[in-house]
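To keep things clear, I will list the structure first and then write my remarks on it.
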Amino acid sequence: MRSFAWVGVSLLFFISVSLSAQERQVFTLHDGWKFSQGPQTGAQAVSFNDRDWAAVTVPHDWAITGPFLLDGDGSTGKLPWKGEGWYRRLLDIPTSYAQKRVYLIFDGVMAFPEIYVNGQLAGNWDYGYNSFFVDITSFIQPGKKNLLAVHADTRQHDSRWYPGAGIYRKVQLLVVDPIHVGVWGTYVTTPIVKPHYADVRISTQINNASAQLDSVSVVHEIVNPEGVVVASGIIGKKIPSGRSQEIEMTLTLLNPRRWDVDNPVLYTVRTQLQVNGKTRDTYLTPFGVRTIRFTPDDGFWLNDRRLQLKGVNMHHDQGPLGAALYPRALERQLEIMKSMGVNAIRNSHNIAAPELLELCDKMGLVVLNEAFDKYDGKADLLPGEDFDAFAHRNIRNFVVRDRNHPSVILWSVGNEMGDVQTNTNNGFQRLHTMLNYVNKYDPTRLTTMVNDNMGSARLRHFDLYDVHSYNYNRRYQLARQMEPNKAVIITESASTVSTRGFYEFPLPAMKTDFTKSLQVSSYDVHAPWWAEISDDDFMWQQEEPYVAGEFVWTGFDYLGEPTPYDNITVKKMGMSDTAASRSSYFGIVDLVGIPKDRFYLYKSYWQSADTTIHILPHWNWENRRGQEVPVFVYTNGDCAELFLNGKSLGMQCKQPKADSSVYRFRLMWPNVIYEPGELRAVAYREGAKLGESIIRTAGKATQLRLTPDRVRVKADGMDLSYILVEALDDAGNLVPLADNQVTLSVKGSGAIAGVGNGNPQSFSPFQANSVNLFYGKAMIIVRAGTQPGDINLQAAASGLQGATVNLTVAQKP
């Protein structure tokens with residue numbers, strides 16, 4: 001049995017505010033770390049010699065550098081994440097901190113972290129995806145350099161995908177007055193929202209770690225997005241020494257601006273604690289004013305209007321960066337998803353980094369916030385552990401950390417838990433325990449459990465939670481029939497699989513017709529036996545409008561779960577473990593953020609206001625002259641006419657009454673006889689020309705092109721620019737079959753953080769100075785340094801004209 005310090009979570013938000021020396025200070029511990037992988041004896045001791053350890057920055061994922069284990073488990077990425085590692089860092093603690101309370105806040109450590117300060121165990125944790133904090137006040141020595149050591153151990157962690165390893169999220173040092181707002185100590189709700197006012201209820205946890213009874217004045221101010229105070233109030237309370245108390249106040253906000261997906265307005269509660277007229281602490285809490293409700297027959301409503309959930313599931317890894325959390329990498333993922341029409345995110349299947357919720361608040365995305373995959377080793381719940389205590393500490397941290405985010409619309413306590421769904425080993429009791437703790441810490445939102453066992457609904461587990469959530473193939477139907485008074489969500493849809501840029505002929509007769517190519521055709525007609533293609537979910541929601549929406553599996557490819565080319569399947573095909581892939585095929589976008597064809601299918605349906613006309617496949621098929629090459633067009637138009645070298649191949653129109661879903665949402669010419677040249681699609685909407693798209697047969701690759709997503713980055717050691725590298729012919733056409741090796745050179749105030757090309761079969765390292773093109777494209781991720789200046793990236797390939805790009809590294813992005 002492990003012992004745990006009763007610790008909580010923290011996500012500290014700051015806006016521009018002047019703080020005196022008496023008020024809180026927050027330091028992000030980004031650099032200055034040393035790391036060693038493997039067991040170490042006495043590494044927590046101050047006297048331990050770490051001279052030969054590697055210098056690293058945090059966040060840090062020790063496994064992403066590889067090397068890949070070619071005969072390893074593709075389900076977890078074939079990377080060496082199992083093991084243990086040590087981190088050490090000095091903390092400069094000034095004499096003035098002798099009168100302070102000092103905390104360490106960890107957003108996530110994989111896994112079972114033990115925190116040592118000056119050789120003493122200050123705290124520990126279990127669940128590698130959860131945030132926690134440790135009060136280290138009694139362990140520090142003010143006026144001296146103090147040693148922080150962290151041990152992470154993934155050997156008992158279980159996973160169905162690549163989890164990463166080590167201190168993979170940020171670490172902060174928090175310094176506060178003895179009288180202070182507790183870590184994550186505010187809870188802001190809006191119980192009454194009307195057009196002309198909103199009641200804002202603010203509950204504040206105040207800790208008095210001083211040696212005396214103090215009378216504390218709590219001052220709350222609501223600050224609008226322009227920085228203007230629009231409501232305020234004050235309340236006094238005597239807080240006994242060594243005690244913590246909750247103080248509640250309600251302020252009225254006039255003519256509130258609603259937080260919405262189209263206009264994500266954020267207010268801030270500024271909380272000040274004053275003793276004898278002197279401010280001891282200032283705490284800032286962003287929040288939004290909005291109403292949410294789930295209805296059984298008309299889906300989800302945000303601010304009194306129906307909002308169909310157009311969602312995606314997202315795993316936590318960032319491809320070539322591994323599990324290490326770079327805020328820009330996450331922001332870029334969300335930007336790509338929003339451009340496709342996404343308005344909802346499910347953080348599958350674990351507690352997300354706090355930055356995800358921050359970004360969703362700012363960008364206008366609603367979140368189905370999920371805590372666990374399973375109640376076992378995947379949650380770092382070990383045999384013999386007290387389940388109630390485990391549930392309490394983990395659900396408390398999860399909910400208390402995230403409950404002020406307006407983006408969060410629903411809590412999920414688990415995913416596809418077979419034993420819970422069938423009430424095996426007290427499954428319902430464990431489910432009830434989890435749900436009770438969610439409701440204890442946030443009674444304002446509904447709860448759910450995500451299911452995949454349709455028949456288990458007969459046991460009525462849905463009586464314990466609020467919303468029917470089911471994965472794939474309309475498995476919600478029985479639950480809906482038995483309890484029609486609850487809303488329905490498709491929490492995992494599609495699981496269509498494909499490889500960007502890869503096509504096979506002929507089209508498969510069955511969705512599960514996978515070949516030994518170890519790639520999946522990008523005609524978007526393949527799915528595992530337990531899933532479906534994208535169009536099916538579109539059709540089912542048209543036919544069953546009570547469904548609140550869907551969360552596609554998945555927005556991005558991710559490391560691990562390489563269905564249909566996992567270890568078991570490739571061996572059934574007569575191959576060995578070395579044939580298994582290392583990353584998934586499920587993504588709408590590939591592992592490095594390059595859209596697949598499917599991106600445009602979703603965009604054509606979800607983002608109908610934007611013009612989308614996308615032709616597939618590419619038009620370089622020299623070995624298929626005179627043979628059929630099916631052509632698909634994804635468009636938000638009603639019809640399109642296809643031309644090959646100026647000759648019309650006919651008009652196709654969508655068929656909204658079709659029983660086969662593909663005819664409702666795609667335009668298809670299955671019998672096009674290939675000849676090189678120009679393929680042109682002219683799309684029409686309501687009889688008027690919408691636009692056209694052209695692809696051409698490319699010639700020989702002669703040049704490289706570099707396209708950065710940002711040319712200006714912040715000098716913080718964490719900001720990123722994603723630079724697309726492509727091979728072009730003399731006319732500037734993409735060469736879709738190019739696979740050249742591209743060598744890279746970086747000079748200036750930055751470095752290469754990672755490279756990749758979206759190929760699930762690639763076992764080249766992610767940290768390298770070269771990358772192979774995959775179907776004409778690859779991605780280079782450049783990280784800014786900490787000093788302003790310039791970054792020069794040069795790309796070269798044998799026989800091709802090279803390319804160069806310059807980035808600016810500035811104090812402000």
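Following the order of the structure tokens, chains are lettered A, B, ..., residues in each are numbered from 1, and ligands are numbered from 1.
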Compile the contact shell of segment 268-281 of chain A as a PDB file with C-alpha atoms, in the first residue's frame: residues with an atom at most 9 Å away, counting only C-alpha atoms, same-chain residues fewer than 6 positions apart removed.
ATOM      1  CA  ILE A  15      -3.347  38.690 -16.284  1.00  0.00           C
ATOM      2  CA  LEU A  19       1.825  42.332  -7.176  1.00  0.00           C
ATOM      3  CA  SER A  20       3.713  43.477  -4.103  1.00  0.00           C
ATOM      4  CA  GLN A  22       3.867  40.048  -0.056  1.00  0.00           C
ATOM      5  CA  GLU A  23       1.809  38.448  -2.794  1.00  0.00           C
ATOM      6  CA  ARG A  24       2.103  35.223  -4.717  1.00  0.00           C
ATOM      7  CA  VAL A 176       2.529  32.633  -1.138  1.00  0.00           C
ATOM      8  CA  ASP A 177       1.835  34.431   2.103  1.00  0.00           C
ATOM      9  CA  PRO A 178       0.774  32.209   5.022  1.00  0.00           C
ATOM     10  CA  ILE A 179      -2.719  33.619   4.479  1.00  0.00           C
ATOM     11  CA  HIS A 180      -3.566  32.712   0.906  1.00  0.00           C
ATOM     12  CA  VAL A 181      -6.126  31.355  -1.498  1.00  0.00           C
ATOM     13  CA  THR A 186     -11.806  29.328  -6.246  1.00  0.00           C
ATOM     14  CA  VAL A 188     -16.942  30.250  -9.950  1.00  0.00           C
ATOM     15  CA  ILE A 202     -17.681  32.736  -6.058  1.00  0.00           C
ATOM     16  CA  THR A 204     -13.011  30.782  -2.136  1.00  0.00           C
ATOM     17  CA  ILE A 206      -8.711  30.505   2.283  1.00  0.00           C
ATOM     18  CA  ASP A 214      -6.706  36.614  11.619  1.00  0.00           C
ATOM     19  CA  SER A 215      -9.644  38.592  10.328  1.00  0.00           C
ATOM     20  CA  VAL A 216      -9.443  38.423   6.558  1.00  0.00           C
ATOM     21  CA  SER A 217     -11.237  40.680   4.108  1.00  0.00           C
ATOM     22  CA  VAL A 218     -11.992  38.988   0.815  1.00  0.00           C
ATOM     23  CA  VAL A 219     -12.327  41.403  -2.091  1.00  0.00           C
ATOM     24  CA  HIS A 220     -13.716  40.109  -5.379  1.00  0.00           C
ATOM     25  CA  GLU A 221     -13.695  42.075  -8.623  1.00  0.00           C
ATOM     26  CA  ILE A 222     -15.081  40.882 -11.954  1.00  0.00           C
ATOM     27  CA  VAL A 223     -12.915  42.207 -14.782  1.00  0.00           C
ATOM     28  CA  ASN A 224     -14.212  42.225 -18.350  1.00  0.00           C
ATOM     29  CA  PRO A 225     -12.070  41.330 -21.409  1.00  0.00           C
ATOM     30  CA  GLY A 227      -9.647  45.058 -18.250  1.00  0.00           C
ATOM     31  CA  PHE A 287     -14.528  32.189 -16.299  1.00  0.00           C
ATOM     32  CA  GLY A 288     -17.294  32.460 -18.845  1.00  0.00           C
TER      33      GLY A 288
END
Problem set entry | Filtered DSSP result for segment 536-618 of chain A, state helix (DSSP H, G or I), as number ranges by chain | A: 536-543, 567-572, 577-579, 597-606
Can you write just those residues out, C-alpha atoms, as a PDB file, in the first residue's frame?
ATOM      1  CA  ASP A 536     -22.314   6.424 -41.945  1.00  0.00           C
ATOM      2  CA  ASP A 537     -22.223   8.643 -38.866  1.00  0.00           C
ATOM      3  CA  PHE A 538     -23.301  11.659 -40.899  1.00  0.00           C
ATOM      4  CA  MET A 539     -26.269   9.680 -42.195  1.00  0.00           C
ATOM      5  CA  TRP A 540     -27.288   8.270 -38.810  1.00  0.00           C
ATOM      6  CA  GLN A 541     -27.356  11.740 -37.288  1.00  0.00           C
ATOM      7  CA  GLN A 542     -29.505  12.962 -40.176  1.00  0.00           C
ATOM      8  CA  GLU A 543     -31.923  10.092 -39.572  1.00  0.00           C
ATOM      9  CA  ASN A 567       1.522  -7.115 -33.822  1.00  0.00           C
ATOM     10  CA  ILE A 568      -1.225  -9.724 -33.558  1.00  0.00           C
ATOM     11  CA  THR A 569      -2.721  -8.933 -36.957  1.00  0.00           C
ATOM     12  CA  VAL A 570       0.528  -8.826 -38.930  1.00  0.00           C
ATOM     13  CA  LYS A 571       1.511 -12.209 -37.499  1.00  0.00           C
ATOM     14  CA  LYS A 572      -1.846 -13.612 -38.621  1.00  0.00           C
ATOM     15  CA  ASP A 577       6.553  -8.393 -35.051  1.00  0.00           C
ATOM     16  CA  THR A 578       8.924  -6.186 -37.002  1.00  0.00           C
ATOM     17  CA  ALA A 579       6.163  -5.573 -39.580  1.00  0.00           C
ATOM     18  CA  ASP A 597      -8.135  13.399 -47.869  1.00  0.00           C
ATOM     19  CA  ARG A 598     -10.690  12.716 -45.144  1.00  0.00           C
ATOM     20  CA  PHE A 599     -10.066  16.193 -43.694  1.00  0.00           C
ATOM     21  CA  TYR A 600     -11.865  17.651 -46.698  1.00  0.00           C
ATOM     22  CA  LEU A 601     -14.789  15.231 -46.424  1.00  0.00           C
ATOM     23  CA  TYR A 602     -15.430  16.449 -42.887  1.00  0.00           C
ATOM     24  CA  LYS A 603     -14.855  20.068 -43.820  1.00  0.00           C
ATOM     25  CA  SER A 604     -17.297  19.823 -46.722  1.00  0.00           C
ATOM     26  CA  TYR A 605     -20.031  18.686 -44.329  1.00  0.00           C
ATOM     27  CA  TRP A 606     -19.149  20.514 -41.109  1.00  0.00           C
TER      28      TRP A 606
END
Can you check which parts of segment 342-377 of chain A lie within 12 Å of segment 161-175 of chain A? Per residue, the shortest pair of atoms and distance in Å to one decimal, counting only C-alpha atoms, sorted by chain and number, as CSV.
residue,atom,partner,partner_atom,distance
A:Ser348,CA,A:Trp161,CA,10.9
A:His349,CA,A:Trp161,CA,10.2
A:Asn350,CA,A:Pro163,CA,10.3
A:Ala352,CA,A:Arg169,CA,10.2
A:Ala353,CA,A:Arg169,CA,7.2
A:Pro354,CA,A:Arg169,CA,9.3
A:Glu355,CA,A:Arg169,CA,9.8
A:Leu356,CA,A:Arg169,CA,11.8
A:Asp373,CA,A:Trp161,CA,10.9
For those residues, write N, CA and C atoms to a file as an mmCIF file, in the first residue's frame.
data_model
loop_
_atom_site.group_PDB
_atom_site.id
_atom_site.type_symbol
_atom_site.label_atom_id
_atom_site.label_comp_id
_atom_site.auth_asym_id
_atom_site.auth_seq_id
_atom_site.Cartn_x
_atom_site.Cartn_y
_atom_site.Cartn_z
ATOM 1 N N SER A 348 -9.443 11.973 -24.879
ATOM 2 C CA SER A 348 -9.491 10.520 -24.684
ATOM 3 C C SER A 348 -8.088 9.975 -24.380
ATOM 4 N N HIS A 349 -7.982 9.064 -23.413
ATOM 5 C CA HIS A 349 -8.969 8.727 -22.388
ATOM 6 C C HIS A 349 -8.316 8.997 -21.037
ATOM 7 N N ASN A 350 -7.945 10.204 -20.797
ATOM 8 C CA ASN A 350 -7.203 10.519 -19.583
ATOM 9 C C ASN A 350 -7.276 12.015 -19.314
ATOM 10 N N ALA A 352 -6.397 15.595 -19.235
ATOM 11 C CA ALA A 352 -5.576 16.344 -20.183
ATOM 12 C C ALA A 352 -4.672 17.329 -19.457
ATOM 13 N N ALA A 353 -3.705 17.842 -20.193
ATOM 14 C CA ALA A 353 -2.903 18.953 -19.677
ATOM 15 C C ALA A 353 -3.808 20.154 -19.457
ATOM 16 N N PRO A 354 -3.535 20.951 -18.433
ATOM 17 C CA PRO A 354 -4.399 22.122 -18.190
ATOM 18 C C PRO A 354 -4.434 23.085 -19.362
ATOM 19 N N GLU A 355 -3.359 23.106 -20.153
ATOM 20 C CA GLU A 355 -3.347 24.016 -21.301
ATOM 21 C C GLU A 355 -4.445 23.693 -22.304
ATOM 22 N N LEU A 356 -4.871 22.433 -22.399
ATOM 23 C CA LEU A 356 -5.951 22.094 -23.327
ATOM 24 C C LEU A 356 -7.214 22.859 -22.968
ATOM 25 N N ASP A 373 -9.312 5.776 -18.713
ATOM 26 C CA ASP A 373 -9.619 4.730 -19.680
ATOM 27 C C ASP A 373 -10.273 3.570 -18.929
#
For this session: Could you jot down the atom CA of Gly758 of chain A to atom CA of Phe586 of chain A separation for me, Å, one decimal place?
Result: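 Separating atom CA of Gly758 of chain A from atom CA of Phe586 of chain A is a distance of 11.9 Å.
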Exercise. Out of segment 77-206 of chain A, which residues get strand (DSSP E or B) from DSSP, as a PyMOL selection string?
Worked result: chain A and resi 84-93+101-106+110+114-117+120-124+132-135+144-153+166+171-176+179-193+197-206
How would the residues just picked look written out with C-alpha atoms as a PDB file, in the first residue's frame?
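Wrote it out as out29.pdb, contents follow:
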ATOM      1  CA  GLU A  84      12.430   4.475 -14.391  1.00  0.00           C
ATOM      2  CA  GLY A  85      14.194   7.798 -14.450  1.00  0.00           C
ATOM      3  CA  TRP A  86      15.537  10.467 -12.127  1.00  0.00           C
ATOM      4  CA  TYR A  87      15.470  14.249 -12.417  1.00  0.00           C
ATOM      5  CA  ARG A  88      17.459  16.661 -10.262  1.00  0.00           C
ATOM      6  CA  ARG A  89      17.452  20.450 -10.064  1.00  0.00           C
ATOM      7  CA  LEU A  90      18.643  23.149  -7.681  1.00  0.00           C
ATOM      8  CA  LEU A  91      16.123  25.594  -6.215  1.00  0.00           C
ATOM      9  CA  ASP A  92      17.452  28.983  -5.131  1.00  0.00           C
ATOM     10  CA  ILE A  93      15.375  29.734  -2.040  1.00  0.00           C
ATOM     11  CA  ARG A 101       4.407  28.898   2.109  1.00  0.00           C
ATOM     12  CA  VAL A 102       6.099  27.167  -0.814  1.00  0.00           C
ATOM     13  CA  TYR A 103       4.472  24.605  -3.117  1.00  0.00           C
ATOM     14  CA  LEU A 104       5.562  22.576  -6.095  1.00  0.00           C
ATOM     15  CA  ILE A 105       2.884  22.065  -8.742  1.00  0.00           C
ATOM     16  CA  PHE A 106       3.208  19.208 -11.220  1.00  0.00           C
ATOM     17  CA  MET A 110       4.457   9.544 -15.952  1.00  0.00           C
ATOM     18  CA  GLU A 114       8.174  10.609  -5.805  1.00  0.00           C
ATOM     19  CA  ILE A 115       9.200  14.153  -4.904  1.00  0.00           C
ATOM     20  CA  TYR A 116      12.295  14.696  -2.753  1.00  0.00           C
ATOM     21  CA  VAL A 117      13.503  18.001  -1.350  1.00  0.00           C
ATOM     22  CA  GLN A 120      13.636  13.932   2.115  1.00  0.00           C
ATOM     23  CA  LEU A 121      10.452  12.540   0.601  1.00  0.00           C
ATOM     24  CA  ALA A 122       8.103  15.527   0.404  1.00  0.00           C
ATOM     25  CA  GLY A 123       5.233  13.831  -1.447  1.00  0.00           C
ATOM     26  CA  ASN A 124       4.221  11.296  -4.055  1.00  0.00           C
ATOM     27  CA  PHE A 132      -0.932  17.407  -8.138  1.00  0.00           C
ATOM     28  CA  PHE A 133       0.933  19.703  -5.795  1.00  0.00           C
ATOM     29  CA  VAL A 134       3.189  19.262  -2.792  1.00  0.00           C
ATOM     30  CA  ASP A 135       3.659  21.672   0.112  1.00  0.00           C
ATOM     31  CA  LYS A 144      20.492  28.292   0.576  1.00  0.00           C
ATOM     32  CA  LYS A 145      20.432  26.329  -2.639  1.00  0.00           C
ATOM     33  CA  ASN A 146      17.986  23.452  -2.200  1.00  0.00           C
ATOM     34  CA  LEU A 147      17.921  20.193  -4.095  1.00  0.00           C
ATOM     35  CA  LEU A 148      14.772  18.950  -5.846  1.00  0.00           C
ATOM     36  CA  ALA A 149      14.839  15.333  -7.023  1.00  0.00           C
ATOM     37  CA  VAL A 150      11.985  13.542  -8.794  1.00  0.00           C
ATOM     38  CA  HIS A 151      11.762   9.816  -9.432  1.00  0.00           C
ATOM     39  CA  ALA A 152       9.382   8.611 -12.170  1.00  0.00           C
ATOM     40  CA  ASP A 153       8.624   4.930 -12.686  1.00  0.00           C
ATOM     41  CA  GLY A 166       8.977  11.284 -17.157  1.00  0.00           C
ATOM     42  CA  VAL A 171       6.429  22.136 -13.130  1.00  0.00           C
ATOM     43  CA  GLN A 172       5.869  25.336 -11.164  1.00  0.00           C
ATOM     44  CA  LEU A 173       7.131  26.736  -7.881  1.00  0.00           C
ATOM     45  CA  LEU A 174       4.431  28.682  -6.042  1.00  0.00           C
ATOM     46  CA  VAL A 175       5.333  31.088  -3.213  1.00  0.00           C
ATOM     47  CA  VAL A 176       2.529  32.633  -1.138  1.00  0.00           C
ATOM     48  CA  ILE A 179      -2.719  33.619   4.479  1.00  0.00           C
ATOM     49  CA  HIS A 180      -3.566  32.712   0.906  1.00  0.00           C
ATOM     50  CA  VAL A 181      -6.126  31.355  -1.498  1.00  0.00           C
ATOM     51  CA  GLY A 182      -5.725  27.599  -1.624  1.00  0.00           C
ATOM     52  CA  VAL A 183      -4.117  26.064  -4.649  1.00  0.00           C
ATOM     53  CA  TRP A 184      -6.940  26.074  -7.138  1.00  0.00           C
ATOM     54  CA  GLY A 185      -8.961  27.624  -4.392  1.00  0.00           C
ATOM     55  CA  THR A 186     -11.806  29.328  -6.246  1.00  0.00           C
ATOM     56  CA  TYR A 187     -15.000  27.903  -7.669  1.00  0.00           C
ATOM     57  CA  VAL A 188     -16.942  30.250  -9.950  1.00  0.00           C
ATOM     58  CA  THR A 189     -20.442  29.380 -11.163  1.00  0.00           C
ATOM     59  CA  THR A 190     -23.275  31.306 -12.809  1.00  0.00           C
ATOM     60  CA  PRO A 191     -26.487  29.832 -11.350  1.00  0.00           C
ATOM     61  CA  ILE A 192     -28.702  32.508 -12.911  1.00  0.00           C
ATOM     62  CA  VAL A 193     -28.093  33.791 -16.427  1.00  0.00           C
ATOM     63  CA  TYR A 197     -27.854  40.086 -15.731  1.00  0.00           C
ATOM     64  CA  ALA A 198     -26.027  37.042 -14.423  1.00  0.00           C
ATOM     65  CA  ASP A 199     -25.417  36.035 -10.834  1.00  0.00           C
ATOM     66  CA  VAL A 200     -21.778  35.032 -10.383  1.00  0.00           C
ATOM     67  CA  ARG A 201     -21.266  32.829  -7.338  1.00  0.00           C
ATOM     68  CA  ILE A 202     -17.681  32.736  -6.058  1.00  0.00           C
ATOM     69  CA  SER A 203     -16.532  30.232  -3.463  1.00  0.00           C
ATOM     70  CA  THR A 204     -13.011  30.782  -2.136  1.00  0.00           C
ATOM     71  CA  GLN A 205     -10.851  28.453  -0.094  1.00  0.00           C
ATOM     72  CA  ILE A 206      -8.711  30.505   2.283  1.00  0.00           C
TER      73      ILE A 206
END
Neighbouring residues of segment 669-673 of chain A were defined as those with any atom within 9 Å, considering only C-alpha atoms; residues of the same chain fewer than 2 positions away were excluded. Please report them as a PDB file with C-alpha atoms, in the first residue's frame.
ATOM      1  CA  LEU A 507     -11.515  -0.321 -54.342  1.00  0.00           C
ATOM      2  CA  ARG A 624      -1.957   2.497 -64.882  1.00  0.00           C
ATOM      3  CA  ARG A 625      -2.239   4.068 -68.333  1.00  0.00           C
ATOM      4  CA  GLY A 626      -5.452   2.826 -69.892  1.00  0.00           C
ATOM      5  CA  GLN A 627      -6.693   1.366 -66.601  1.00  0.00           C
ATOM      6  CA  GLU A 628      -9.386   2.564 -64.241  1.00  0.00           C
ATOM      7  CA  VAL A 629      -8.489   5.036 -61.474  1.00  0.00           C
ATOM      8  CA  PRO A 630     -11.567   5.976 -59.422  1.00  0.00           C
ATOM      9  CA  VAL A 631     -11.903   9.698 -58.737  1.00  0.00           C
ATOM     10  CA  PHE A 632     -13.697  11.157 -55.715  1.00  0.00           C
ATOM     11  CA  VAL A 633     -14.577  14.788 -55.065  1.00  0.00           C
ATOM     12  CA  LEU A 642     -15.306  16.303 -63.806  1.00  0.00           C
ATOM     13  CA  LEU A 644      -9.920  15.081 -67.821  1.00  0.00           C
ATOM     14  CA  LEU A 649     -16.537  12.865 -67.671  1.00  0.00           C
ATOM     15  CA  GLY A 650     -20.044  13.807 -66.594  1.00  0.00           C
ATOM     16  CA  GLN A 652     -22.435  13.760 -60.405  1.00  0.00           C
ATOM     17  CA  LEU A 667     -19.212  12.600 -55.598  1.00  0.00           C
ATOM     18  CA  GLU A 675      -4.245   9.288 -68.828  1.00  0.00           C
TER      19      GLU A 675
END
